[in-house]
$ cat query-v8.txt   # compact mmCIF, C-alpha atoms and all ligand atoms
# COMPACT_ATOMS: atom_id res chain seq x y z
CA MET A 1 0.00 0.00 0.00
CA ARG A 2 1.25 3.51 -0.84
CA TYR A 3 0.19 6.23 1.60
CA ILE A 4 -0.63 9.76 0.46
CA HIS A 5 -1.06 12.71 2.79
CA CYS A 6 -2.96 15.86 1.77
CA LEU A 7 -1.70 19.06 3.40
CA ASN A 8 -4.61 21.03 1.91
CA ASN A 9 -8.05 20.17 0.66
CA ILE A 10 -7.49 18.60 -2.73
CA SER A 11 -10.40 18.20 -5.15
CA ALA A 12 -11.90 14.70 -5.02
CA LYS A 13 -11.66 14.67 -8.83
CA GLY A 14 -7.94 14.19 -8.22
CA THR A 15 -7.86 11.93 -5.18
CA ASP A 16 -10.53 9.70 -6.77
CA LEU A 17 -7.91 8.78 -9.39
CA LEU A 18 -5.85 7.01 -6.75
CA THR A 19 -6.19 3.26 -7.31
CA ASP A 20 -6.59 0.49 -4.73
CA ALA A 21 -2.83 0.50 -4.34
CA TYR A 22 -3.11 3.85 -2.53
CA GLU A 23 -4.62 5.05 0.71
CA LEU A 24 -5.06 8.62 1.93
CA THR A 25 -3.62 8.99 5.41
CA ASP A 26 -3.76 11.65 8.12
CA ASP A 27 -0.43 10.37 9.38
CA LEU A 28 2.26 12.44 7.67
CA SER A 29 5.03 10.15 8.93
CA ARG A 30 3.75 7.31 6.69
CA ALA A 31 3.43 9.40 3.53
CA GLU A 32 5.22 8.29 0.38
CA GLY A 33 3.51 11.17 -1.41
CA ILE A 34 2.26 14.58 -0.30
CA LEU A 35 -0.44 16.55 -2.13
CA VAL A 36 -0.35 20.24 -1.33
CA ARG A 37 -1.67 23.61 -2.43
CA SER A 38 -0.44 26.68 -0.52
CA ALA A 39 0.28 25.09 2.88
CA ALA A 40 3.68 26.21 4.19
CA MET A 41 6.08 23.27 4.17
CA HIS A 42 9.32 25.02 5.06
CA ASP A 43 9.15 24.12 8.76
CA LEU A 44 7.70 20.67 8.22
CA GLU A 45 9.75 17.60 9.07
CA LEU A 46 9.63 15.49 5.95
CA PRO A 47 9.04 11.77 6.56
CA LYS A 48 11.92 9.42 5.65
CA CYS A 49 9.63 7.41 3.37
CA LEU A 50 8.59 10.51 1.35
CA ARG A 51 9.26 10.11 -2.39
CA ALA A 52 7.20 12.85 -4.03
CA VAL A 53 5.46 16.17 -3.34
CA ALA A 54 2.83 17.25 -5.85
CA ARG A 55 1.73 20.88 -5.75
CA ALA A 56 -1.79 21.16 -7.15
CA GLY A 57 -1.09 24.61 -8.55
CA ALA A 58 1.72 26.72 -9.96
CA GLY A 59 3.68 28.50 -7.20
CA VAL A 60 6.13 26.36 -5.25
CA ASN A 61 7.53 29.02 -2.90
CA ASN A 62 5.79 27.21 0.00
CA ILE A 63 7.92 24.10 -0.57
CA PRO A 64 11.56 23.64 0.60
CA LEU A 65 12.85 22.75 -2.87
CA GLU A 66 16.55 22.45 -2.07
CA HIS A 67 15.88 20.31 0.97
CA CYS A 68 13.62 18.04 -1.10
CA SER A 69 16.28 17.77 -3.81
CA GLN A 70 18.91 16.77 -1.27
CA LYS A 71 16.60 14.13 0.16
CA GLY A 72 15.83 12.75 -3.31
CA VAL A 73 12.21 13.88 -3.09
CA VAL A 74 10.77 14.88 -6.47
CA VAL A 75 8.56 17.99 -6.39
CA PHE A 76 5.92 18.45 -9.09
CA ASN A 77 3.61 21.32 -9.95
CA THR A 78 0.78 21.61 -12.48
CA PRO A 79 1.78 24.28 -14.99
CA GLY A 80 -1.12 25.86 -16.82
CA ALA A 81 -3.83 23.90 -14.98
CA ASN A 82 -5.16 27.02 -13.27
CA ALA A 83 -4.06 29.60 -15.85
CA ASN A 84 -7.52 30.27 -17.29
CA ALA A 85 -8.97 30.91 -13.82
CA VAL A 86 -6.28 33.48 -13.08
CA LYS A 87 -6.60 35.06 -16.52
CA GLU A 88 -10.33 35.60 -16.06
CA LEU A 89 -9.82 37.21 -12.66
CA VAL A 90 -7.07 39.45 -14.03
CA ILE A 91 -9.43 40.68 -16.74
CA GLY A 92 -11.96 41.44 -14.00
CA ALA A 93 -9.24 43.27 -12.07
CA LEU A 94 -8.44 45.41 -15.11
CA MET A 95 -12.02 46.66 -14.92
CA LEU A 96 -11.74 47.18 -11.15
CA GLY A 97 -8.68 49.31 -11.78
CA SER A 98 -10.35 51.36 -14.49
CA ARG A 99 -13.81 52.15 -13.20
CA GLY A 100 -14.85 53.06 -9.67
CA ILE A 101 -16.57 49.70 -9.26
CA VAL A 102 -15.39 48.95 -5.71
CA GLU A 103 -15.96 52.50 -4.47
CA GLY A 104 -19.31 52.64 -6.28
CA ILE A 105 -20.51 49.42 -4.65
CA GLU A 106 -19.34 50.72 -1.26
CA TRP A 107 -21.25 53.98 -1.86
CA CYS A 108 -24.46 52.08 -2.72
CA ARG A 109 -24.12 49.91 0.39
CA ALA A 110 -23.51 52.97 2.56
CA ASN A 111 -26.66 54.61 1.15
CA ALA A 112 -28.81 51.48 1.20
CA ASP A 113 -31.40 53.01 3.54
CA ASP A 114 -31.82 56.22 1.58
CA PRO A 115 -35.38 56.18 0.07
CA ASN A 116 -34.09 58.60 -2.58
CA ILE A 117 -31.10 56.49 -3.55
CA ALA A 118 -32.21 56.18 -7.19
CA LYS A 119 -31.99 59.96 -7.57
CA ALA A 120 -28.90 60.30 -5.38
CA VAL A 121 -26.83 57.92 -7.49
CA GLU A 122 -27.23 60.11 -10.53
CA LYS A 123 -25.48 62.90 -8.66
CA ALA A 124 -22.92 60.72 -6.91
CA LYS A 125 -21.86 58.56 -9.83
CA LYS A 126 -19.46 61.03 -11.40
CA GLN A 127 -16.93 60.36 -8.62
CA PHE A 128 -16.75 56.71 -9.73
CA ALA A 129 -16.73 57.28 -13.49
CA GLY A 130 -13.26 55.99 -14.46
CA ARG A 131 -11.92 55.26 -17.92
CA GLU A 132 -12.00 52.55 -20.57
CA ILE A 133 -9.23 50.04 -21.22
CA LEU A 134 -9.69 50.11 -25.02
CA GLY A 135 -6.48 51.37 -26.63
CA LYS A 136 -4.62 51.64 -23.31
CA LYS A 137 -1.18 50.12 -22.93
CA LEU A 138 -0.89 46.99 -20.78
CA GLY A 139 2.52 45.72 -19.65
CA VAL A 140 2.66 42.00 -18.86
CA ILE A 141 5.64 41.00 -16.72
CA GLY A 142 6.19 37.25 -17.09
CA LEU A 143 4.82 35.50 -20.17
CA GLY A 144 4.32 31.94 -18.92
CA ALA A 145 1.09 29.98 -18.72
CA ILE A 146 -0.86 32.87 -17.17
CA GLY A 147 0.93 35.90 -18.60
CA ALA A 148 0.59 34.64 -22.19
CA GLN A 149 -3.15 34.05 -21.77
CA VAL A 150 -3.64 37.46 -20.14
CA ALA A 151 -1.72 39.11 -22.99
CA ASN A 152 -3.90 37.44 -25.62
CA ALA A 153 -7.15 38.25 -23.80
CA ALA A 154 -6.11 41.90 -23.43
CA VAL A 155 -5.32 42.09 -27.16
CA ASP A 156 -8.83 40.75 -27.82
CA LEU A 157 -10.23 43.51 -25.59
CA GLY A 158 -8.49 46.13 -27.73
CA MET A 159 -5.55 46.89 -25.45
CA ASP A 160 -2.09 47.67 -26.76
CA VAL A 161 -0.09 44.91 -25.06
CA TYR A 162 3.63 44.87 -24.18
CA GLY A 163 5.30 41.75 -22.79
CA TYR A 164 8.52 41.33 -20.82
CA ASP A 165 10.03 37.93 -20.00
CA PRO A 166 13.76 37.28 -20.43
CA TYR A 167 13.21 33.50 -20.15
CA VAL A 168 10.05 33.12 -22.20
CA SER A 169 9.56 29.53 -23.40
CA LEU A 170 9.17 28.68 -27.04
CA GLY A 171 5.70 27.26 -26.34
CA ALA A 172 4.51 30.46 -24.67
CA ALA A 173 6.02 32.60 -27.44
CA TRP A 174 4.20 30.55 -30.08
CA SER A 175 0.93 30.76 -28.16
CA MET A 176 0.95 34.55 -28.04
CA SER A 177 -0.72 36.93 -30.44
CA SER A 178 1.71 38.61 -32.83
CA ALA A 179 0.14 41.88 -31.69
CA VAL A 180 1.97 41.59 -28.34
CA HIS A 181 5.02 43.88 -28.41
CA HIS A 182 8.15 42.16 -27.16
CA VAL A 183 10.04 44.34 -24.69
CA THR A 184 13.55 43.33 -23.59
CA GLU A 185 14.01 45.79 -20.70
CA LEU A 186 11.71 46.00 -17.70
CA ASP A 187 12.45 49.73 -17.35
CA GLU A 188 11.17 50.34 -20.89
CA LEU A 189 7.96 48.46 -20.11
CA LEU A 190 7.48 50.43 -16.89
CA ARG A 191 7.95 53.75 -18.70
CA THR A 192 5.63 52.80 -21.58
CA CYS A 193 2.48 51.31 -20.12
CA ASP A 194 -0.65 52.55 -18.33
CA TYR A 195 -1.55 49.20 -16.74
CA PHE A 196 0.70 46.41 -15.46
CA THR A 197 0.12 42.82 -14.50
CA ILE A 198 2.84 40.59 -13.05
CA HIS A 199 2.97 36.80 -13.58
CA VAL A 200 6.36 35.58 -12.42
CA PRO A 201 7.33 33.05 -9.71
CA ALA A 202 8.49 34.37 -6.33
CA VAL A 203 12.19 33.53 -6.44
CA GLU A 204 15.31 35.39 -5.34
CA GLU A 205 15.53 37.29 -8.63
CA THR A 206 11.93 38.49 -8.59
CA ILE A 207 11.21 39.16 -4.91
CA GLY A 208 10.89 42.92 -4.46
CA MET A 209 11.28 43.58 -8.21
CA ILE A 210 8.54 46.21 -8.03
CA ASP A 211 10.42 48.56 -5.71
CA GLU A 212 10.66 52.32 -5.30
CA ARG A 213 12.71 52.69 -8.47
CA ALA A 214 10.27 50.59 -10.51
CA CYS A 215 7.32 52.64 -9.22
CA SER A 216 9.12 55.89 -10.02
CA LEU A 217 9.46 54.86 -13.68
CA MET A 218 5.70 54.36 -14.10
CA LYS A 219 3.44 57.02 -15.58
CA ASP A 220 1.36 59.00 -13.10
CA GLY A 221 -1.92 57.23 -12.41
CA ALA A 222 -0.70 53.74 -13.37
CA VAL A 223 -2.73 50.68 -12.42
CA PHE A 224 -0.80 47.70 -11.05
CA LEU A 225 -2.22 44.17 -10.74
CA ASN A 226 -0.50 41.49 -8.67
CA PHE A 227 -1.97 38.01 -8.91
CA SER A 228 1.39 36.27 -8.49
CA ARG A 229 2.78 36.67 -4.97
CA ASP A 230 2.80 39.42 -2.32
CA THR A 231 6.61 39.44 -2.03
CA LEU A 232 7.14 40.61 -5.61
CA VAL A 233 6.02 44.10 -4.65
CA ASP A 234 7.83 46.19 -2.05
CA ASN A 235 5.09 47.29 0.35
CA ASP A 236 6.65 50.61 1.38
CA ALA A 237 7.25 51.57 -2.24
CA MET A 238 3.69 50.69 -3.29
CA ALA A 239 2.15 52.44 -0.27
CA ALA A 240 4.09 55.61 -1.14
CA ALA A 241 3.17 55.35 -4.83
CA LEU A 242 -0.53 55.03 -3.95
CA GLU A 243 -0.28 57.91 -1.49
CA SER A 244 1.33 60.22 -4.08
CA GLY A 245 -1.02 59.19 -6.89
CA LYS A 246 1.85 57.75 -8.96
CA VAL A 247 -0.11 54.51 -8.80
CA HIS A 248 -3.85 55.06 -9.07
CA ALA A 249 -4.86 51.52 -8.09
CA TYR A 250 -3.05 48.47 -6.73
CA ILE A 251 -5.11 45.33 -7.09
CA THR A 252 -3.68 42.29 -5.40
CA ASP A 253 -4.76 38.74 -4.66
CA PHE A 254 -2.68 38.66 -1.46
CA ALA A 255 -4.03 40.05 1.78
CA THR A 256 -1.26 41.01 4.20
CA PRO A 257 -1.46 43.46 7.12
CA GLU A 258 0.73 45.88 5.13
CA VAL A 259 -1.42 45.81 2.02
CA MET A 260 -4.62 46.14 4.06
CA ARG A 261 -3.30 49.47 5.35
CA MET A 262 -2.55 50.84 1.87
CA LYS A 263 -4.80 53.64 0.74
CA GLY A 264 -6.47 52.65 -2.51
CA ALA A 265 -5.40 49.00 -2.57
CA VAL A 266 -8.07 46.56 -3.70
CA VAL A 267 -7.37 43.27 -1.99
CA LEU A 268 -8.76 39.86 -2.87
CA PRO A 269 -8.42 36.74 -0.68
CA HIS A 270 -6.13 34.66 -2.94
CA LEU A 271 -8.98 33.79 -5.28
CA GLY A 272 -7.00 33.43 -8.51
CA ALA A 273 -7.03 29.66 -8.80
CA SER A 274 -10.01 28.92 -6.59
CA THR A 275 -12.54 28.02 -9.24
CA GLU A 276 -14.01 24.54 -9.23
CA GLU A 277 -12.59 23.95 -12.70
CA ALA A 278 -9.06 25.00 -11.80
CA GLU A 279 -9.07 23.05 -8.54
CA GLU A 280 -10.16 19.93 -10.42
CA ASN A 281 -7.62 20.41 -13.22
CA CYS A 282 -4.78 20.94 -10.77
CA ALA A 283 -5.75 18.02 -8.53
CA MET A 284 -6.07 15.57 -11.43
CA MET A 285 -2.76 16.63 -12.95
CA ALA A 286 -0.95 16.49 -9.60
CA VAL A 287 -2.28 13.03 -8.75
CA ARG A 288 -1.54 11.59 -12.20
CA GLN A 289 2.02 12.92 -12.16
CA MET A 290 2.65 11.61 -8.67
CA MET A 291 1.27 8.13 -9.43
CA ASP A 292 3.30 7.90 -12.62
CA TYR A 293 6.44 8.68 -10.66
CA LEU A 294 5.72 6.35 -7.77
CA GLU A 295 4.75 3.45 -10.03
CA ARG A 296 6.95 3.86 -13.10
CA GLY A 297 9.62 6.37 -12.12
CA ALA A 298 8.47 8.82 -14.82
CA ILE A 299 9.06 12.50 -14.11
CA VAL A 300 6.96 15.16 -15.79
CA ASN A 301 6.55 18.76 -14.61
CA SER A 302 9.01 18.50 -11.78
CA VAL A 303 10.49 21.73 -10.47
CA ASN A 304 13.62 20.14 -8.96
CA TYR A 305 14.51 17.00 -10.95
CA PRO A 306 14.76 16.55 -14.75
CA ALA A 307 11.90 15.37 -16.91
CA CYS A 308 12.40 11.70 -17.76
CA ASP A 309 10.22 9.02 -19.30
CA PRO A 310 11.82 5.61 -18.82
CA GLY A 311 9.02 3.93 -20.82
CA PRO A 312 6.76 1.07 -19.74
CA MET A 313 7.85 -1.07 -16.82
CA PRO A 314 10.01 -4.02 -17.88
CA GLU A 315 8.06 -7.28 -18.13
CA ILE A 316 10.78 -9.17 -16.33
CA GLY A 317 13.45 -7.82 -14.05
CA SER A 318 13.44 -4.63 -12.01
CA ARG A 319 13.61 -0.92 -12.64
CA VAL A 320 16.07 0.95 -10.46
CA CYS A 321 15.77 4.73 -10.18
CA VAL A 322 18.69 6.70 -8.85
CA LEU A 323 18.34 10.35 -7.89
CA HIS A 324 21.73 11.94 -7.69
CA GLU A 325 23.86 15.03 -8.03
CA ASN A 326 24.81 16.12 -11.51
CA VAL A 327 28.56 15.56 -11.12
CA PRO A 328 31.19 13.60 -13.08
CA ASN A 329 31.59 9.84 -12.76
CA MET A 330 28.09 9.05 -11.44
CA ILE A 331 26.93 6.87 -14.33
CA SER A 332 30.10 4.81 -14.38
CA GLN A 333 29.90 4.21 -10.62
CA ILE A 334 26.25 3.19 -10.89
CA ALA A 335 26.97 0.86 -13.82
CA THR A 336 29.98 -0.61 -11.99
CA ALA A 337 27.78 -1.57 -9.03
CA PHE A 338 25.62 -3.70 -11.34
CA GLY A 339 28.63 -5.02 -13.30
CA GLU A 340 30.29 -6.23 -10.14
CA ALA A 341 27.07 -8.06 -9.18
CA ASN A 342 27.02 -9.63 -12.67
CA VAL A 343 23.67 -7.99 -13.48
CA ASN A 344 22.98 -6.90 -17.05
CA ILE A 345 21.43 -3.46 -17.62
CA GLY A 346 18.90 -3.86 -20.43
CA ASN A 347 17.98 -0.17 -20.77
CA MET A 348 19.21 2.97 -19.19
CA VAL A 349 18.18 6.63 -19.34
CA ASN A 350 19.98 9.52 -17.70
CA LYS A 351 18.77 13.10 -17.52
CA ALA A 352 20.18 16.13 -15.78
CA ARG A 353 18.79 19.44 -14.71
CA GLY A 354 20.96 22.00 -12.96
CA GLU A 355 22.60 20.46 -9.92
CA TYR A 356 20.59 17.24 -9.95
CA ALA A 357 20.25 14.24 -12.25
CA TYR A 358 18.20 11.09 -12.59
CA THR A 359 19.23 7.69 -13.87
CA CYS A 360 16.72 4.90 -14.52
CA LEU A 361 17.98 1.42 -15.24
CA ASP A 362 15.95 -1.58 -16.38
CA LEU A 363 17.66 -4.77 -15.25
CA ASP A 364 17.35 -8.09 -17.06
CA GLN A 365 16.71 -9.79 -13.72
CA GLU A 366 15.29 -9.02 -10.31
CA MET A 367 17.39 -6.54 -8.41
CA PRO A 368 19.88 -8.39 -6.21
CA TYR A 369 18.48 -6.17 -3.54
CA ASP A 370 20.45 -5.50 -0.42
CA ALA A 371 24.05 -5.59 -1.56
CA VAL A 372 23.68 -3.52 -4.74
CA LYS A 373 21.18 -1.10 -3.26
CA LYS A 374 23.56 -0.48 -0.39
CA GLN A 375 26.47 0.00 -2.77
CA LEU A 376 24.49 2.47 -4.91
CA GLY A 377 23.34 4.37 -1.83
CA GLY A 378 26.94 4.62 -0.68
CA ILE A 379 28.12 6.47 -3.81
CA ALA A 380 28.88 10.08 -2.86
CA GLY A 381 26.24 12.30 -4.45
CA VAL A 382 23.50 9.66 -4.65
CA ARG A 383 20.43 11.11 -2.98
CA ARG A 384 18.04 8.19 -3.21
CA VAL A 385 17.73 4.76 -4.79
CA ARG A 386 14.33 3.31 -5.61
CA VAL A 387 13.66 -0.21 -6.80
CA LEU A 388 10.36 -0.61 -8.64
N1 LIG B 401 -3.33 34.13 -7.55
C1 LIG B 401 -3.32 32.83 -7.74
O1 LIG B 401 -4.18 32.12 -7.24
C2 LIG B 401 -2.26 32.22 -8.61
C3 LIG B 401 -2.58 31.12 -9.40
C4 LIG B 401 -1.60 30.55 -10.19
C5 LIG B 401 -0.31 31.08 -10.16
N2 LIG B 401 -0.03 32.12 -9.34
C6 LIG B 401 1.33 32.71 -9.33
O2 LIG B 401 1.63 33.09 -10.65
C7 LIG B 401 2.94 32.69 -10.97
C8 LIG B 401 3.03 32.44 -12.46
O3 LIG B 401 2.23 31.33 -12.79
P1 LIG B 401 2.34 30.66 -14.24
O4 LIG B 401 1.44 29.48 -14.22
O5 LIG B 401 2.17 31.68 -15.31
O6 LIG B 401 3.86 30.18 -14.21
P2 LIG B 401 4.82 29.91 -15.44
O7 LIG B 401 5.99 29.18 -14.87
O8 LIG B 401 4.10 29.30 -16.57
O9 LIG B 401 5.28 31.37 -15.89
C9 LIG B 401 6.16 32.17 -15.19
C10 LIG B 401 6.90 33.03 -16.18
O10 LIG B 401 7.69 33.98 -15.48
C11 LIG B 401 8.86 34.17 -16.23
N3 LIG B 401 9.90 34.80 -15.42
C12 LIG B 401 10.72 34.23 -14.51
N4 LIG B 401 11.54 35.17 -13.99
C13 LIG B 401 11.23 36.35 -14.60
C14 LIG B 401 11.73 37.66 -14.50
N5 LIG B 401 12.72 37.97 -13.65
N6 LIG B 401 11.17 38.62 -15.26
C15 LIG B 401 10.17 38.33 -16.12
N7 LIG B 401 9.66 37.09 -16.27
C16 LIG B 401 10.19 36.12 -15.52
C17 LIG B 401 9.23 32.77 -16.71
O11 LIG B 401 10.12 32.81 -17.81
C18 LIG B 401 7.87 32.22 -17.07
O12 LIG B 401 7.58 32.43 -18.44
C19 LIG B 401 3.17 31.45 -10.10
O13 LIG B 401 4.55 31.25 -9.83
C20 LIG B 401 2.39 31.75 -8.86
O14 LIG B 401 3.21 32.38 -7.91
C21 LIG B 401 -0.98 32.71 -8.58
O1 LIG B 402 0.35 29.23 -7.26
C1 LIG B 402 -0.82 28.91 -7.42
O2 LIG B 402 -1.19 27.97 -8.15
C2 LIG B 402 -1.87 29.75 -6.77
O3 LIG B 402 -1.35 30.68 -5.91
C3 LIG B 402 -3.01 28.98 -6.21
O4 LIG B 402 -2.83 28.66 -4.87
P1 LIG B 402 -3.96 27.77 -4.16
O5 LIG B 402 -3.85 26.41 -4.74
O6 LIG B 402 -3.60 27.80 -2.71
O7 LIG B 402 -5.26 28.41 -4.46
$ encode --input "query-v8.txt" --output "structure tokens" --more "lines below"
Ligand SMILES: NC(=O)c1ccc[n+]([C@@H]2O[C@H](COP(=O)([O-])OP(=O)(O)OC[C@H]3O[C@@H](n4cnc5c(N)ncnc54)[C@H](O)[C@@H]3O)[C@@H](O)[C@H]2O)c1
Ligand SMILES: O=C(O)[C@H](O)COP(=O)(O)O
Amino acid sequence: MRYIHCLNNISAKGTDLLTDAYELTDDLSRAEGILVRSAAMHDLELPKCLRAVARAGAGVNNIPLEHCSQKGVVVFNTPGANANAVKELVIGALMLGSRGIVEGIEWCRANADDPNIAKAVEKAKKQFAGREILGKKLGVIGLGAIGAQVANAAVDLGMDVYGYDPYVSLGAAWSMSSAVHHVTELDELLRTCDYFTIHVPAVEETIGMIDERACSLMKDGAVFLNFSRDTLVDNDAMAAALESGKVHAYITDFATPEVMRMKGAVVLPHLGASTEEAEENCAMMAVRQMMDYLERGAIVNSVNYPACDPGPMPEIGSRVCVLHENVPNMISQIATAFGEANVNIGNMVNKARGEYAYTCLDLDQEMPYDAVKKQLGGIAGVRRVRVL
């Protein structure tokens, strides 16, 4: 039996895919797999038997990636599975940033008991009038699964769209409308556009990227949307920009005490991916990827180990999966361990990604378990050995 622990509520559409070989457990210490959404895992003691963490969603800043890599735990996410949900909310937020929708609703609520409200609104409404997005310039920072869809939708709404992403993937580039202007410098994008939306992961390079300097480059009255992560935007800088009118509206999906104190910030309770459709898509993708890894050793959409498809399980013999550092002499040491045990390797695949690598070997016989497994585990740089 393989035990799976859910750190968050995961859609049943996903967990229902688990076969009889799996059981959901409340006992984290037994978990071979963890399913998670935004639960913070940095201070969690990972069980020794843990093999995989599957994030039903995009952002993995809640997961201790380096620690998992060192322990030979493969971390997956579900790229694109919630992108449409976020895109739709971002389009809604563009409207919130353009028209006095939030303030107007608040005004109506505040005047709910006025018997003459119908007449009063006609006088009051001019303070909430706003402007249209048609023909305005939108800067999209980060053109991945979400950013590319937002860019295309904004083009369809008649916006003049500028995109900045120094690492844009070929797939995302192909998926984008040719009307999206490619900008190679963030400063140029900040100087050019009226509206901004950021869709990058929260990593060292991006945390605080919207700082005082970035705000100062924007046009007066800019609208900034943040549906990625709170830490991308420097709170003091944004508070000052809102106060001075440099930024007209800051619309964010991340409620923090700092942002709640900002004058003019419109704050949503992390709703971006919380549609039924997105939750189902993410859960199904996360569960499928995790099962494929646990059962067959296949890695797809991992954020810490390389993608690798070792093919169908061998009909006879064993599959041995070795998670290791990407350093010289690993493959020869692994092969030597089998050679010395007089075991033939029928098929082998090795993939590397950054500091880590993955080697899958199909043996022509059952794994001569203890001795070879011990020898493989003893090679410096080997992080985990699995025998399937
Ligand atoms: N509000 C929500 O509920 C919600 C939902 C999904 C995702 N998110 C957040 O949105 C982020 C993006 O999601 P995604 O699915 O589009 O991810 P993605 O990996 O498909 O796209 C991220 C893009 O950012 C780009 N990028 C990386 N560093 C950059 C930099 N310094 N400058 C410009 N671009 C850079 C990458 O090249 C990539 O194209 C996630 O990491 C997550 O934090 C939030
Ligand atoms: O990164 C993500 O996918 C989003 O922030 C969604 O997070 P959630 O799964 O906690 O809604």
$ closest_residue --input "query-v8.txt" --among "A:Val327, A:Glu205, A:Val303, A:Gly354" --to "Cys68 of chain A" --atoms "only C-alpha atoms"
A:Val303
$ atom_distance --input "query-v8.txt" --atom1 "atom CA of Glu315 of chain A" --atom2 "atom CA of Glu32 of chain A"
24.4 Å
$ closest_atom_pairs --input "query-v8.txt" --of "chain A" --to "ligand LIG 402 (chain B)" --cutoff "8 Å" --atoms "all atoms listed in the file" --output "Markdown table"
| residue | atom | partner | partner_atom | distance |
| --- | --- | --- | --- | --- |
| A:Val36 | CA | B:LIG402 | O5 | 7.9 |
| A:Arg37 | CA | B:LIG402 | O5 | 4.2 |
| A:Ser38 | CA | B:LIG402 | O6 | 4.0 |
| A:Ala39 | CA | B:LIG402 | O6 | 7.3 |
| A:Arg55 | CA | B:LIG402 | O5 | 7.9 |
| A:Ala56 | CA | B:LIG402 | O5 | 6.1 |
| A:Gly57 | CA | B:LIG402 | O2 | 3.4 |
| A:Ala58 | CA | B:LIG402 | O2 | 3.6 |
| A:Gly59 | CA | B:LIG402 | O1 | 3.4 |
| A:Val60 | CA | B:LIG402 | O1 | 6.8 |
| A:Thr78 | CA | B:LIG402 | O2 | 7.9 |
| A:Asn82 | CA | B:LIG402 | O2 | 6.5 |
| A:Phe227 | CA | B:LIG402 | O3 | 7.9 |
| A:Ser228 | CA | B:LIG402 | O3 | 6.7 |
| A:Arg229 | CA | B:LIG402 | O3 | 7.3 |
| A:His270 | CA | B:LIG402 | O7 | 6.5 |
| A:Leu271 | CA | B:LIG402 | O7 | 6.6 |
| A:Gly272 | CA | B:LIG402 | C3 | 6.4 |
| A:Ala273 | CA | B:LIG402 | C3 | 4.8 |
| A:Ser274 | CA | B:LIG402 | O7 | 5.2 |
| A:Glu279 | CA | B:LIG402 | O5 | 7.3 |
$ write_last_selection --input "query-v8.txt" --atoms "C-alpha atoms" --output "compact mmCIF listing (two decimals), keeping the file's coordinate frame"
# COMPACT_ATOMS: atom_id res chain seq x y z
CA VAL A 36 -0.35 20.24 -1.33
CA ARG A 37 -1.67 23.61 -2.43
CA SER A 38 -0.44 26.68 -0.52
CA ALA A 39 0.28 25.09 2.88
CA ARG A 55 1.73 20.88 -5.75
CA ALA A 56 -1.79 21.16 -7.15
CA GLY A 57 -1.09 24.61 -8.55
CA ALA A 58 1.72 26.72 -9.96
CA GLY A 59 3.68 28.50 -7.20
CA VAL A 60 6.13 26.36 -5.25
CA THR A 78 0.78 21.61 -12.48
CA ASN A 82 -5.16 27.02 -13.27
CA PHE A 227 -1.97 38.01 -8.91
CA SER A 228 1.39 36.27 -8.49
CA ARG A 229 2.78 36.67 -4.97
CA HIS A 270 -6.13 34.66 -2.94
CA LEU A 271 -8.98 33.79 -5.28
CA GLY A 272 -7.00 33.43 -8.51
CA ALA A 273 -7.03 29.66 -8.80
CA SER A 274 -10.01 28.92 -6.59
CA GLU A 279 -9.07 23.05 -8.54
$ residues_near_ligand --input "query-v8.txt" --ligand "ligand LIG 401 (chain B)" --cutoff "8 Å" --atoms "all atoms listed in the file" --output "PyMOL selection string"
chain A and resi 57-61+79-83+85-86+141-148+164-169+172+186+198-203+205-206+209+226-229+253-254+270-274
$ closest_residue --input "query-v8.txt" --among "A:Gly171, A:Val155, A:Gly92, A:Val320" --to "Ala298 of chain A" --atoms "only C-alpha atoms"
A:Val320
$ atom_distance --input "query-v8.txt" --atom1 "atom CA of Phe338 of chain A" --atom2 "atom CA of Ala52 of chain A"
25.8 Å
$ residues_around --input "query-v8.txt" --residues "segment 234-250 of chain A" --least-positions-apart "2" --cutoff "7 Å" --atoms "all atoms listed in the file" --output "VMD selection string"
chain A and resid 97 208 210 to 212 215 219 to 225 231 to 232 252 258 to 259 262 to 266
$ write_last_selection --input "query-v8.txt" --atoms "C-alpha atoms" --output "tab-separated table (two decimals), in the coordinates of the input"
chain	number	residue	atom	x	y	z
A	97	GLY	CA	-8.68	49.31	-11.78
A	208	GLY	CA	10.89	42.92	-4.46
A	210	ILE	CA	8.54	46.21	-8.03
A	211	ASP	CA	10.42	48.56	-5.71
A	212	GLU	CA	10.66	52.32	-5.30
A	215	CYS	CA	7.32	52.64	-9.22
A	219	LYS	CA	3.44	57.02	-15.58
A	220	ASP	CA	1.36	59.00	-13.10
A	221	GLY	CA	-1.92	57.23	-12.41
A	222	ALA	CA	-0.70	53.74	-13.37
A	223	VAL	CA	-2.73	50.68	-12.42
A	224	PHE	CA	-0.80	47.70	-11.05
A	225	LEU	CA	-2.22	44.17	-10.74
A	231	THR	CA	6.61	39.44	-2.03
A	232	LEU	CA	7.14	40.61	-5.61
A	252	THR	CA	-3.68	42.29	-5.40
A	258	GLU	CA	0.73	45.88	5.13
A	259	VAL	CA	-1.42	45.81	2.02
A	262	MET	CA	-2.55	50.84	1.87
A	263	LYS	CA	-4.80	53.64	0.74
A	264	GLY	CA	-6.47	52.65	-2.51
A	265	ALA	CA	-5.40	49.00	-2.57
A	266	VAL	CA	-8.07	46.56	-3.70
$ residues_around --input "query-v8.txt" --residues "Tyr305 of chain A" --least-positions-apart "3" --cutoff "8 Å" --atoms "all atoms listed in the file" --output "list in words"
Ser69, Val74, Val75, Ile299, Ser302, Ala352, Arg353, Tyr356, Ala357 and Tyr358 of chain A
